[in-house]
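Undergrad: Structure supplied as work-v8.cif; contents: mmCIF, C-alpha atoms and all ligand atoms.
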```
data_run
loop_
_atom_site.label_atom_id
_atom_site.label_comp_id
_atom_site.auth_asym_id
_atom_site.auth_seq_id
_atom_site.Cartn_x
_atom_site.Cartn_y
_atom_site.Cartn_z
CA MET F 13 -24.41 67.91 119.28
CA LEU F 14 -22.56 70.29 116.90
CA GLY F 15 -25.87 72.00 116.15
CA ARG F 16 -26.59 72.58 119.84
CA LEU F 17 -23.11 73.98 120.36
CA VAL F 18 -23.48 76.37 117.41
CA LYS F 19 -26.90 77.51 118.55
CA ASN F 20 -25.83 78.18 122.15
CA ALA F 21 -22.61 79.92 121.10
CA SER F 22 -24.52 82.10 118.63
CA ILE F 23 -27.11 83.05 121.24
CA ALA F 24 -24.34 83.93 123.70
CA ARG F 25 -22.64 85.98 120.97
CA SER F 26 -25.91 87.82 120.31
CA GLY F 27 -26.05 88.56 124.04
CA VAL F 28 -22.58 90.14 123.87
CA TYR F 29 -23.54 92.35 120.91
CA PHE F 30 -26.81 93.27 122.62
CA LEU F 31 -24.83 94.46 125.65
CA GLU F 32 -22.42 96.35 123.39
CA ASN F 33 -25.44 98.09 121.88
CA LEU F 34 -26.39 99.61 125.25
CA PRO F 35 -23.52 102.16 125.50
CA VAL F 36 -24.04 102.98 121.80
CA GLN F 37 -27.70 103.75 122.56
CA LEU F 38 -26.63 105.88 125.53
CA LEU F 39 -24.29 107.89 123.32
CA ASN F 40 -27.07 108.39 120.79
CA ARG F 41 -29.47 109.44 123.54
CA PHE F 42 -27.13 111.94 125.22
CA ILE F 43 -25.33 113.31 122.17
CA GLY F 44 -27.73 112.44 119.34
CA PRO F 45 -30.96 114.22 118.42
CA ALA F 46 -33.32 115.20 121.27
CA ASP F 47 -36.35 113.53 119.64
CA LEU F 48 -34.66 110.13 119.17
CA ASP F 49 -37.32 107.48 118.64
CA LYS F 50 -37.23 104.75 121.34
CA PRO F 51 -38.67 101.23 120.82
CA THR F 52 -41.21 100.15 123.43
CA PRO F 53 -40.52 97.10 125.65
CA GLU F 54 -43.38 95.30 123.78
CA GLN F 55 -41.67 95.94 120.45
CA LEU F 56 -38.32 94.76 121.78
CA LYS F 57 -39.94 91.61 123.16
CA THR F 58 -40.95 90.55 119.63
CA LEU F 59 -37.28 90.39 118.62
CA TRP F 60 -35.69 87.82 120.93
CA PRO F 61 -37.72 84.73 119.84
CA GLN F 62 -36.82 85.58 116.24
CA VAL F 63 -33.12 85.90 117.14
CA VAL F 64 -33.25 82.43 118.72
CA ALA F 65 -35.11 81.00 115.70
CA LEU F 66 -32.46 82.44 113.36
CA HIS F 67 -29.63 80.81 115.32
CA GLU F 68 -31.56 77.54 115.45
CA ARG F 69 -31.96 77.61 111.69
CA GLU F 70 -28.22 78.19 111.23
CA ALA F 71 -27.40 75.37 113.66
CA ASN F 72 -29.63 73.02 111.61
CA ASN F 73 -27.95 74.07 108.38
CA ILE F 74 -24.56 73.24 109.83
CA GLU F 75 -25.67 69.98 111.40
CA GLN F 76 -27.16 68.87 108.08
CA GLY F 77 -23.89 69.72 106.29
CA ILE F 78 -25.51 72.41 104.10
CA TYR F 79 -22.55 74.58 104.97
CA PRO F 80 -19.45 74.05 107.09
CA LEU F 81 -18.69 75.57 110.47
CA SER F 82 -15.85 77.47 108.76
CA ALA F 83 -18.49 79.57 106.96
CA ILE F 84 -18.84 81.34 110.30
CA GLN F 85 -15.97 83.55 111.30
CA ILE F 86 -14.87 82.80 114.86
CA GLU F 87 -13.76 86.08 116.41
CA ASN F 88 -10.61 86.47 118.44
CA PRO F 89 -11.77 87.95 121.81
CA LEU F 90 -8.75 90.27 122.10
CA ARG F 91 -9.23 91.65 118.60
CA HIS F 92 -12.92 91.96 119.30
CA ALA F 93 -12.26 94.02 122.46
CA ARG F 94 -9.86 96.32 120.58
CA SER F 95 -12.34 96.74 117.78
CA PHE F 96 -15.11 97.57 120.28
CA ILE F 97 -12.99 100.41 121.71
CA GLU F 98 -12.58 101.72 118.14
CA VAL F 99 -16.31 101.43 117.49
CA MET F 100 -17.16 103.28 120.71
CA GLY F 101 -14.66 106.02 119.84
CA ASP F 102 -16.38 106.46 116.52
CA GLY F 103 -19.77 106.29 118.27
CA LEU F 104 -19.18 109.82 119.59
CA ARG F 105 -18.66 111.16 116.07
CA VAL F 106 -21.62 109.19 114.72
CA ALA F 107 -23.92 110.56 117.45
CA TRP F 108 -22.68 114.12 116.79
CA ARG F 109 -23.41 113.73 113.05
CA MET F 110 -26.80 112.27 113.91
CA ARG F 111 -27.61 115.28 116.10
CA ASN F 112 -26.55 117.79 113.44
CA ASN F 113 -27.82 115.73 110.50
CA LYS F 114 -24.39 115.90 108.86
CA ASN F 115 -24.48 113.35 106.08
CA LYS F 116 -21.81 114.69 103.74
CA ASP F 117 -19.08 115.20 106.29
CA PHE F 118 -15.78 114.23 104.68
CA LYS F 119 -12.25 115.36 105.34
CA GLY F 120 -8.84 114.82 103.70
CA LYS F 121 -8.47 111.73 101.53
CA ALA F 122 -12.08 110.62 102.13
CA ALA F 123 -13.29 114.01 100.82
CA GLN F 124 -11.15 113.62 97.71
CA THR F 125 -12.42 110.10 97.02
CA ALA F 126 -16.06 111.06 97.68
CA SER F 127 -15.87 113.91 95.16
CA GLY F 128 -15.38 111.46 92.28
CA MET F 129 -18.25 109.14 93.31
CA PRO F 130 -21.93 108.95 92.26
CA GLU F 131 -24.11 111.48 94.13
CA TYR F 132 -26.22 108.84 95.91
CA TYR F 133 -23.10 107.15 97.22
CA ALA F 134 -20.98 110.13 98.37
CA ARG F 135 -22.54 110.41 101.83
CA ASN F 136 -22.12 109.13 105.39
CA PHE F 137 -24.52 106.19 105.32
CA HIS F 138 -25.47 105.39 108.94
CA PHE F 139 -23.63 108.68 109.75
CA GLN F 140 -20.48 106.54 109.72
CA THR F 141 -17.17 108.39 109.70
CA ASP F 142 -15.66 108.63 106.19
CA GLY F 143 -18.71 106.89 104.65
CA TYR F 144 -17.28 104.10 102.48
CA PHE F 145 -14.09 106.05 101.79
CA SER F 146 -11.45 104.92 104.27
CA GLU F 147 -9.89 101.70 105.49
CA ALA F 148 -10.60 102.73 109.10
CA SER F 149 -14.32 102.83 108.25
CA ALA F 150 -14.08 99.42 106.56
CA ARG F 151 -12.35 97.92 109.63
CA ARG F 152 -15.12 99.13 111.94
CA TYR F 153 -17.97 98.27 109.58
CA ASP F 154 -18.79 94.62 110.36
CA HIS F 155 -18.59 95.20 114.12
CA GLN F 156 -20.90 98.23 113.85
CA VAL F 157 -23.40 96.22 111.81
CA GLU F 158 -23.32 93.32 114.28
CA ILE F 159 -23.99 95.73 117.16
CA LEU F 160 -26.90 97.22 115.23
CA PHE F 161 -28.41 93.74 114.69
CA SER F 162 -27.40 92.23 118.07
CA GLY F 163 -25.05 89.71 116.50
CA THR F 164 -27.43 88.39 113.85
CA ALA F 165 -26.05 90.12 110.72
CA GLY F 166 -23.65 87.29 109.82
CA ALA F 167 -26.31 84.61 110.21
CA MET F 168 -28.72 86.65 108.08
CA ARG F 169 -26.09 87.09 105.34
CA ARG F 170 -25.52 83.32 105.32
CA CYS F 171 -29.16 82.74 104.26
CA ILE F 172 -27.87 82.76 100.66
CA LEU F 173 -25.76 79.62 101.20
CA PRO F 174 -28.55 76.97 101.09
CA VAL F 175 -29.86 78.42 97.79
CA LEU F 176 -26.37 78.49 96.26
CA LYS F 177 -25.86 74.91 97.45
CA ARG F 178 -29.14 73.66 96.00
CA ASP F 179 -29.31 75.63 92.73
CA THR F 180 -25.68 75.72 91.51
CA THR F 181 -23.01 73.15 90.76
CA GLY F 182 -20.80 74.81 93.39
CA ALA F 183 -18.23 75.60 90.71
CA GLY F 184 -17.53 78.02 87.86
CA ARG F 185 -17.28 81.82 87.88
CA TRP F 186 -19.38 83.66 90.47
CA LEU F 187 -19.83 87.38 91.13
CA GLU F 188 -20.66 89.24 94.34
CA ILE F 189 -21.75 92.86 93.92
CA GLY F 190 -21.08 95.20 96.88
CA CYS F 191 -18.93 92.80 98.91
CA GLY F 192 -18.09 95.46 101.54
CA ALA F 193 -15.49 94.21 104.03
CA GLY F 194 -16.06 90.64 102.85
CA SER F 195 -18.34 89.09 105.43
CA ALA F 196 -20.80 87.28 103.11
CA THR F 197 -17.84 86.67 100.80
CA ARG F 198 -16.06 84.63 103.48
CA SER F 199 -19.02 82.33 104.02
CA VAL F 200 -19.34 81.68 100.27
CA LEU F 201 -15.60 81.04 99.79
CA ALA F 202 -15.51 78.62 102.73
CA THR F 203 -18.57 76.71 101.51
CA PHE F 204 -17.73 76.57 97.80
CA PRO F 205 -13.98 76.05 97.38
CA LYS F 206 -14.45 75.06 93.71
CA ALA F 207 -16.17 78.32 92.76
CA ARG F 208 -14.02 81.18 91.47
CA LEU F 209 -15.55 84.29 93.01
CA THR F 210 -15.09 87.88 91.88
CA ALA F 211 -15.82 90.17 94.83
CA LEU F 212 -16.71 93.60 93.48
CA ASP F 213 -17.26 96.89 95.27
CA LEU F 214 -17.19 100.57 94.38
CA SER F 215 -15.03 101.33 97.40
CA ALA F 216 -11.27 100.74 97.01
CA SER F 217 -10.85 101.05 100.79
CA TYR F 218 -13.46 98.39 101.59
CA LEU F 219 -11.96 96.10 98.95
CA LYS F 220 -8.50 96.49 100.47
CA VAL F 221 -9.82 95.48 103.90
CA ALA F 222 -11.87 92.61 102.38
CA GLN F 223 -8.66 91.39 100.73
CA GLU F 224 -6.83 91.47 104.11
CA ASN F 225 -9.73 89.72 105.85
CA LEU F 226 -9.85 86.95 103.25
CA ARG F 227 -6.16 86.38 102.63
CA GLU F 228 -6.39 82.66 103.46
CA PHE F 229 -8.60 82.04 100.39
CA ASP F 230 -7.18 81.55 96.90
CA ASN F 231 -10.51 81.19 95.06
CA VAL F 232 -11.32 84.92 95.03
CA ASP F 233 -10.40 87.97 92.93
CA PHE F 234 -11.19 91.51 93.99
CA ALA F 235 -12.45 94.13 91.55
CA GLN F 236 -13.26 97.77 92.01
CA GLY F 237 -16.30 98.51 89.90
CA ASP F 238 -19.80 99.89 89.69
CA GLY F 239 -22.61 97.33 89.94
CA THR F 240 -24.84 99.56 87.82
CA GLN F 241 -22.45 99.33 84.85
CA LEU F 242 -20.54 96.09 85.00
CA ASP F 243 -17.48 95.57 82.90
CA TYR F 244 -18.23 91.90 82.06
CA LYS F 245 -19.66 90.27 78.97
CA ASP F 246 -23.24 88.93 78.89
CA GLY F 247 -23.54 85.48 80.46
CA THR F 248 -20.16 85.43 82.22
CA PHE F 249 -21.17 84.06 85.64
CA GLU F 250 -22.87 80.92 86.96
CA ALA F 251 -24.05 82.76 90.06
CA VAL F 252 -24.42 86.43 90.97
CA PHE F 253 -25.38 87.65 94.44
CA SER F 254 -25.53 90.83 96.45
CA VAL F 255 -26.15 91.30 100.16
CA PHE F 256 -27.46 94.39 102.00
CA GLN F 257 -26.84 96.73 99.10
CA LEU F 258 -30.14 97.53 97.33
CA HIS F 259 -31.58 99.54 100.26
CA GLU F 260 -28.73 102.04 99.94
CA MET F 261 -29.57 102.92 96.34
CA PRO F 262 -32.20 105.13 94.71
CA ARG F 263 -34.85 103.28 92.67
CA GLU F 264 -33.22 103.99 89.31
CA GLU F 265 -29.80 102.70 90.44
CA ARG F 266 -31.43 99.63 92.02
CA GLU F 267 -33.04 98.81 88.69
CA LYS F 268 -29.78 99.31 86.80
CA LEU F 269 -27.91 97.08 89.24
CA VAL F 270 -30.45 94.26 88.98
CA ALA F 271 -30.50 94.54 85.17
CA GLU F 272 -26.69 94.38 85.03
CA ALA F 273 -26.53 91.44 87.45
CA PHE F 274 -29.03 89.57 85.26
CA ARG F 275 -27.19 90.48 82.05
CA VAL F 276 -23.86 89.04 83.21
CA LEU F 277 -25.55 85.83 84.45
CA LYS F 278 -25.37 82.70 82.26
CA PRO F 279 -28.66 81.13 81.16
CA GLY F 280 -29.50 78.62 83.89
CA GLY F 281 -27.48 80.64 86.42
CA VAL F 282 -28.81 81.81 89.79
CA LEU F 283 -29.27 85.41 90.91
CA ILE F 284 -29.74 86.17 94.62
CA PHE F 285 -30.42 89.38 96.49
CA ALA F 286 -30.54 89.45 100.29
CA ASP F 287 -31.44 92.74 101.90
CA SER F 288 -33.64 94.30 104.54
CA LEU F 289 -37.15 93.06 105.11
CA GLN F 290 -39.68 95.37 103.40
CA LYS F 291 -42.87 96.99 104.64
CA ASP F 292 -45.53 94.44 105.66
CA ASP F 293 -43.31 91.42 104.93
CA ASP F 294 -43.61 90.71 108.65
CA PRO F 295 -46.12 93.19 110.13
CA GLU F 296 -44.79 92.46 113.62
CA LEU F 297 -41.48 94.05 112.58
CA ASN F 298 -42.81 97.10 110.67
CA TRP F 299 -41.89 99.31 113.63
CA ALA F 300 -38.20 98.38 113.24
CA LEU F 301 -38.26 99.19 109.51
CA GLU F 302 -39.85 102.58 110.22
CA ARG F 303 -37.43 103.42 113.01
CA PHE F 304 -34.21 102.47 111.21
CA PRO F 305 -34.08 105.25 108.54
CA LYS F 306 -35.26 107.89 111.05
CA ILE F 307 -32.18 107.34 113.16
CA TYR F 308 -29.42 106.28 110.80
CA HIS F 309 -28.76 108.13 107.58
CA GLU F 310 -30.51 105.89 105.05
CA PRO F 311 -32.11 108.28 102.54
CA PHE F 312 -33.28 105.62 100.07
CA TYR F 313 -34.58 103.11 102.59
CA ALA F 314 -38.20 104.32 102.72
CA ASN F 315 -38.50 104.00 98.95
CA TYR F 316 -36.71 100.63 99.02
CA SER F 317 -39.09 99.39 101.70
CA LYS F 318 -42.16 100.15 99.54
CA ASP F 319 -40.67 98.88 96.28
CA LYS F 320 -41.07 95.14 96.80
CA MET F 321 -38.00 93.17 95.79
CA GLU F 322 -40.17 90.63 93.96
CA SER F 323 -41.63 93.39 91.79
CA LEU F 324 -38.19 95.00 91.24
CA LEU F 325 -36.85 91.66 89.97
CA LYS F 326 -39.90 90.92 87.83
CA ARG F 327 -39.99 94.31 86.10
CA THR F 328 -36.23 94.36 85.53
CA THR F 329 -35.57 90.78 84.46
CA GLY F 330 -39.00 89.50 83.40
CA VAL F 331 -38.56 86.48 85.68
CA THR F 332 -40.63 85.69 88.79
CA ALA F 333 -38.46 85.37 91.87
CA HIS F 334 -38.78 83.12 94.94
CA THR F 335 -38.80 84.77 98.36
CA GLU F 336 -37.72 83.76 101.82
CA LEU F 337 -37.78 85.85 105.00
CA VAL F 338 -34.98 85.36 107.48
CA PHE F 339 -35.57 87.53 110.57
CA LEU F 340 -34.86 91.13 109.41
CA THR F 341 -33.62 89.96 106.02
CA LYS F 342 -35.48 89.12 102.87
CA MET F 343 -33.92 87.00 100.18
CA CYS F 344 -35.20 86.84 96.60
CA TRP F 345 -33.68 84.55 94.02
CA LEU F 346 -34.36 83.41 90.48
CA GLN F 347 -32.89 81.22 87.81
CA LYS F 348 -32.17 82.80 84.43
CA PRO F 349 -34.24 80.94 81.84
CA SER F 350 -32.32 79.06 79.16
CA SER F 351 -34.55 80.53 76.47
CA SER F 352 -36.29 83.91 76.49
CA ALA F 353 -39.36 82.21 77.98
CA GLU F 354 -40.40 83.00 81.57
CA SER F 355 -39.23 80.38 84.09
C1 LIG D 401 -24.45 98.23 103.17
S1 LIG D 401 -22.94 97.77 102.43
C2 LIG D 401 -23.07 96.00 102.36
C3 LIG D 401 -21.72 95.34 102.29
C4 LIG D 401 -21.71 93.82 102.40
N1 LIG D 401 -22.38 93.19 101.29
C5 LIG D 401 -22.30 93.35 103.71
O1 LIG D 401 -23.07 92.41 103.71
O2 LIG D 401 -21.92 93.92 104.74
C6 LIG D 401 -23.15 98.23 100.74
C7 LIG D 401 -21.90 98.01 99.94
O3 LIG D 401 -22.24 98.27 98.56
C8 LIG D 401 -21.18 99.02 97.97
N2 LIG D 401 -21.76 99.75 96.83
C9 LIG D 401 -22.67 100.74 96.84
N3 LIG D 401 -22.98 101.12 95.58
C10 LIG D 401 -22.27 100.30 94.76
C11 LIG D 401 -22.19 100.16 93.35
N4 LIG D 401 -22.89 100.94 92.53
N5 LIG D 401 -21.39 99.20 92.85
C12 LIG D 401 -20.66 98.39 93.66
N6 LIG D 401 -20.70 98.48 95.00
C13 LIG D 401 -21.49 99.43 95.55
C14 LIG D 401 -20.67 99.90 99.10
O4 LIG D 401 -19.37 100.38 98.85
C15 LIG D 401 -20.76 98.96 100.28
O5 LIG D 401 -19.58 98.22 100.44
#
```
Would it be possible to restate this file's structure as C-alpha cells?
Ligand SMILES: C[S@@+](CC[C@H](N)C(=O)[O-])C[C@H]1O[C@@H](n2cnc3c(N)ncnc32)[C@H](O)[C@@H]1O

TA:
Amino acid sequence: MLGRLVKNASIARSGVYFLENLPVQLLNRFIGPADLDKPTPEQLKTLWPQVVALHEREANNIEQGIYPLSAIQIENPLRHARSFIEVMGDGLRVAWRMRNNKNKDFKGKAAQTASGMPEYYARNFHFQTDGYFSEASARRYDHQVEILFSGTAGAMRRCILPVLKRDTTGAGRWLEIGCGAGSATRSVLATFPKARLTALDLSASYLKVAQENLREFDNVDFAQGDGTQLDYKDGTFEAVFSVFQLHEMPREEREKLVAEAFRVLKPGGVLIFADSLQKDDDPELNWALERFPKIYHEPFYANYSKDKMESLLKRTTGVTAHTELVFLTKMCWLQKPSSSAES
C-alpha cells in the first residue's frame, strides 16, 4: 500500500518536472545556440519506462524498510512554485551563456571567490549563474537538476542507501565528498541516525545552504575542504561516499579524489561513488550521454564517460569494485580490505 502510494506520487512528481522542463527547453531553443541538438521522439520514448522502473524500485525499497519515507524530501508546493519562478528567471541567463559559450562568467563576490579556486572548478558548470560560488546558485541547484532529470535525480542519488544499509553497521564516522546543497546528505542522515556524517564541499556557499536545508538533523558536521587533498588521518571513516561529482573533474583530479577517499577509509569500510552512466553501460541511453555535454557546460564529461568507473577505482585503490546501474546513474562500491590483499 505504502509502496504503491510512493510509486504513484513519484511518477506524478516526475510528470510535474517534465512539464517544467518544457519552458526551459523553449528558452534554450529561442535564446540558446542555433544548432541545439534535439532528441528524437524514439529516443525520448526509451526514457519513460526507465523512469517508472526507477520509481518502482524506490517504492520497493521503502516498502521493505530498507530506508524510511523520510529519506525522501517532501516539497512544499508554495516553496516549489516560488523556486520555479527563480529557476525560470535564471533560465534566461543560462540560455544566453549557452548561446555565447560563456563559461567563466563571474561578477562581484562570485568572481572574487572563483579567483582563489582550482582552475577546473572556477567555471559555470551547466552555464549556471555564479557557478558554485553563491548561495542563490545553491538554492536553485536541486530544482534545476530535478528539471534536467524529470524528477528522478533524488531517487537516483538514493541508490547508495541499500549498499550503506547492507555493508555498514549504520554507525560511526562517515564522510560525504561534494555534498552540494545536501540532497543525498538528507537521505543518508534520515536513514542512519546513529552515523556521524561529515558533509564536505569546496563551496562555502553550497555548504551554507546545505546547513540551512538540513537544520533538523544533529548527526552532521559541515566542512569546507578539497576532496583531492583531505585533511583527515588515514582510516578515519567507516564509510565514504560521493554523488554526482566525478564527472565534473579532470582525470587527474578524479584519481586524486578516489585515492584520498580510499586513504581516509578504515579497513573494512565501504567506499561508494554514484555518478552518471558511462558510454555503453546502457547502449540504449548513449544518445543522452552524448547530448548532455554538448548542451550544458561539462568540459570533463566526455573523458569521464570513457574512463570507466570500475577501472578508475581499480587502478587507484587496487580493489575490484561492484557496479549497479540505476537509470542514468551508475554506482560503484568496494570494501577496503583488512590486509593489503585484494578483496
Ligand atoms: C555536481 S555537484 C553534486 C552535488 C551533490 N552531491 C548532488 O548530488 O547534487 C558537485 C559538487 O562537488 C563539489 N566539488 C567539486 N570539486 C570538489 C572538490 N575538489 N572537493 C570537494 N567538493 C568539490 C562542488 O562544489 C559541488 O557541490

Undergrad: Kindly provide the residues of stretch 224-322 of chain F that approach stretch 206-213 of chain F to within 7 Å, each paired with its closest atom pair and their distance in Å to one decimal, based on all atoms listed in the file, listed by chain and increasing number, as JSON lines.

TA:
```
{"residue": "F:Asn231", "atom": "CA", "partner": "F:Arg208", "partner_atom": "CA", "distance": 5.0}
{"residue": "F:Val232", "atom": "CA", "partner": "F:Leu209", "partner_atom": "CA", "distance": 4.7}
{"residue": "F:Asp233", "atom": "CA", "partner": "F:Thr210", "partner_atom": "CA", "distance": 4.8}
{"residue": "F:Phe234", "atom": "CA", "partner": "F:Ala211", "partner_atom": "CA", "distance": 4.9}
{"residue": "F:Ala235", "atom": "CA", "partner": "F:Leu212", "partner_atom": "CA", "distance": 4.7}
{"residue": "F:Gln236", "atom": "CA", "partner": "F:Asp213", "partner_atom": "CA", "distance": 5.2}
{"residue": "F:Gly237", "atom": "CA", "partner": "F:Asp213", "partner_atom": "CA", "distance": 5.7}
{"residue": "F:Asp238", "atom": "CA", "partner": "F:Asp213", "partner_atom": "CA", "distance": 6.8}
```

Undergrad: From the list F:Ala122, F:Met100, F:Ile159, F:Ala196, which residue is nearest ligand LIG 401 (chain D) when using all atoms listed in the file?

TA: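 Comparing F:Ala122, F:Met100, F:Ile159, F:Ala196 against ligand LIG 401 (chain D), the winner is F:Ala196.
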
Undergrad: So that each row is one residue of chain F with an atom at most 9 Å from ligand LIG 401 (chain D), can you give its shortest atom pair and the distance in Å to one decimal, using all atoms listed in the file, rows by chain and rising number, as a tab-separated table?

TA:
```
residue	atom	partner	partner_atom	distance
F:Pro130	CA	D:LIG401	N4	8.1
F:Tyr132	CA	D:LIG401	N3	8.4
F:Tyr133	CA	D:LIG401	N3	6.3
F:Phe137	CA	D:LIG401	C1	8.2
F:Gly143	CA	D:LIG401	O4	8.7
F:Tyr144	CA	D:LIG401	O4	5.6
F:Phe145	CA	D:LIG401	O4	8.3
F:Ala150	CA	D:LIG401	O5	8.3
F:Tyr153	CA	D:LIG401	O2	7.6
F:Asp154	CA	D:LIG401	O2	6.5
F:Val157	CA	D:LIG401	O2	7.6
F:Ala165	CA	D:LIG401	O1	8.0
F:Gly166	CA	D:LIG401	O1	8.0
F:Arg169	CA	D:LIG401	O1	6.3
F:Glu188	CA	D:LIG401	N1	8.2
F:Ile189	CA	D:LIG401	C12	5.6
F:Gly190	CA	D:LIG401	O3	3.7
F:Cys191	CA	D:LIG401	N1	4.2
F:Gly192	CA	D:LIG401	O5	3.3
F:Ala193	CA	D:LIG401	C4	6.4
F:Gly194	CA	D:LIG401	C4	6.5
F:Ser195	CA	D:LIG401	O1	6.0
F:Ala196	CA	D:LIG401	O1	5.6
F:Thr197	CA	D:LIG401	N1	8.0
F:Leu212	CA	D:LIG401	C12	6.2
F:Asp213	CA	D:LIG401	N6	3.8
F:Leu214	CA	D:LIG401	N6	4.1
F:Ser215	CA	D:LIG401	O4	4.7
F:Ala216	CA	D:LIG401	O4	8.3
F:Ser217	CA	D:LIG401	O4	8.8
F:Tyr218	CA	D:LIG401	O5	6.2
F:Leu219	CA	D:LIG401	O5	8.0
F:Gln236	CA	D:LIG401	C12	7.6
F:Gly237	CA	D:LIG401	C12	5.8
F:Asp238	CA	D:LIG401	N5	3.6
F:Gly239	CA	D:LIG401	N5	3.7
F:Thr240	CA	D:LIG401	N4	5.3
F:Gln241	CA	D:LIG401	N4	7.9
F:Leu242	CA	D:LIG401	N5	8.5
F:Ser254	CA	D:LIG401	N1	6.2
F:Val255	CA	D:LIG401	N1	4.4
F:Phe256	CA	D:LIG401	C2	4.7
F:Gln257	CA	D:LIG401	C6	4.3
F:Leu258	CA	D:LIG401	C6	7.8
F:His259	CA	D:LIG401	C1	7.8
F:Glu260	CA	D:LIG401	C1	6.6
F:Met261	CA	D:LIG401	N3	6.9
F:Glu265	CA	D:LIG401	N4	7.4
F:Arg266	CA	D:LIG401	N4	8.7
F:Leu269	CA	D:LIG401	N4	7.1
F:Ala286	CA	D:LIG401	O1	8.7
F:Asp287	CA	D:LIG401	O1	8.6
```

Undergrad: Edge lengths and centre, in Å to one decimal, as lines of an AutoDock Vina configuration file: that's what I need for the box along x, y and z that holds all listed atoms of stretch 20-30 of chain F plus 5 Å on each side.

TA:
```
center_x = -24.8
center_y = 85.7
center_z = 121.3
size_x = 14.5
size_y = 25.1
size_z = 15.4
```

Undergrad: Which of these, F:Ser82, F:Thr52, F:Thr335, F:Thr141, has the shortest distance to F:Met110 once you count all atoms listed in the file?

TA: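 With all atoms listed in the file as the atom set, the closest residue is F:Thr141.
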
Undergrad: Just how far from atom CA of F:Leu325 is atom CA of F:Arg303, in Å to one decimal?

TA: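 Atom-to-atom, atom CA of F:Arg303 to atom CA of F:Leu325, that is 25.9 Å.
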
Undergrad: Check the smallest atom-to-atom distance from each of F:Ala148, F:Met129, F:Ile78, F:Met343 to F:Glu98 using only C-alpha atoms, then report the winner.

TA: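 Smallest distance to F:Glu98 is found for F:Ala148.
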
Undergrad: Can you work out which one of F:Gly281, F:Gly103, F:Pro45, F:Pro262 has the shortest atom-to-atom distance to F:Arg185, counting only C-alpha atoms?

TA: F:Gly281

Undergrad: So the first atom is atom CA of F:Glu75 and the second is atom CA of F:Ser22; what is the distance between them in Å, to one decimal place?

TA: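 A separation of 14.2 Å between them.
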
Undergrad: Just the number, please: distance in Å from atom CA of F:Ala251 to atom CA of F:Tyr79, one decimal.

TA: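 Straight-line distance from atom CA of F:Ala251 to atom CA of F:Tyr79 works out to 17.1 Å.
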
Undergrad: Would you please work out which residue, of F:Glu272, F:Glu32, F:Glu224, F:Glu54, is nearest to F:Thr329 when using all atoms listed in the file?

TA: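 Ranked by minimum distance to F:Thr329, first place goes to F:Glu272.
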
Undergrad: Could you tell me which of F:Ile172, F:Glu158, F:Arg105, F:Ala71 comes closest to F:Asp142 if we count only C-alpha atoms?

TA: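 Between F:Ile172, F:Glu158, F:Arg105, F:Ala71, the residue approaching F:Asp142 most closely is F:Arg105.
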
Undergrad: What's around F:His155 at 9 Å? Count all atoms listed in the file, leave out sequence neighbours fewer than 3 positions away in its own chain, and write the answer as a list in words.

TA: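 What passes the distance filter is Tyr29, His92, Ser95, Phe96, Val99, Arg151, Arg152, Glu158, Ile159, Leu160 and Gly163 of chain F.
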
Undergrad: Please provide the set of residues having any atom within 12 Å of F:Arg41, restricted to only C-alpha atoms, with same-chain residues fewer than 5 positions apart removed, written as an MDAnalysis selection string.

TA: chainID F and resid 34:36 46:50 103:104 106:108 110:111 307

Undergrad: Which residues are close to F:Lys342, i.e. within 9 Å by all atoms listed in the file, leaving aside same-chain residues fewer than 5 positions away? Reply as a count of residues only.

TA: 12
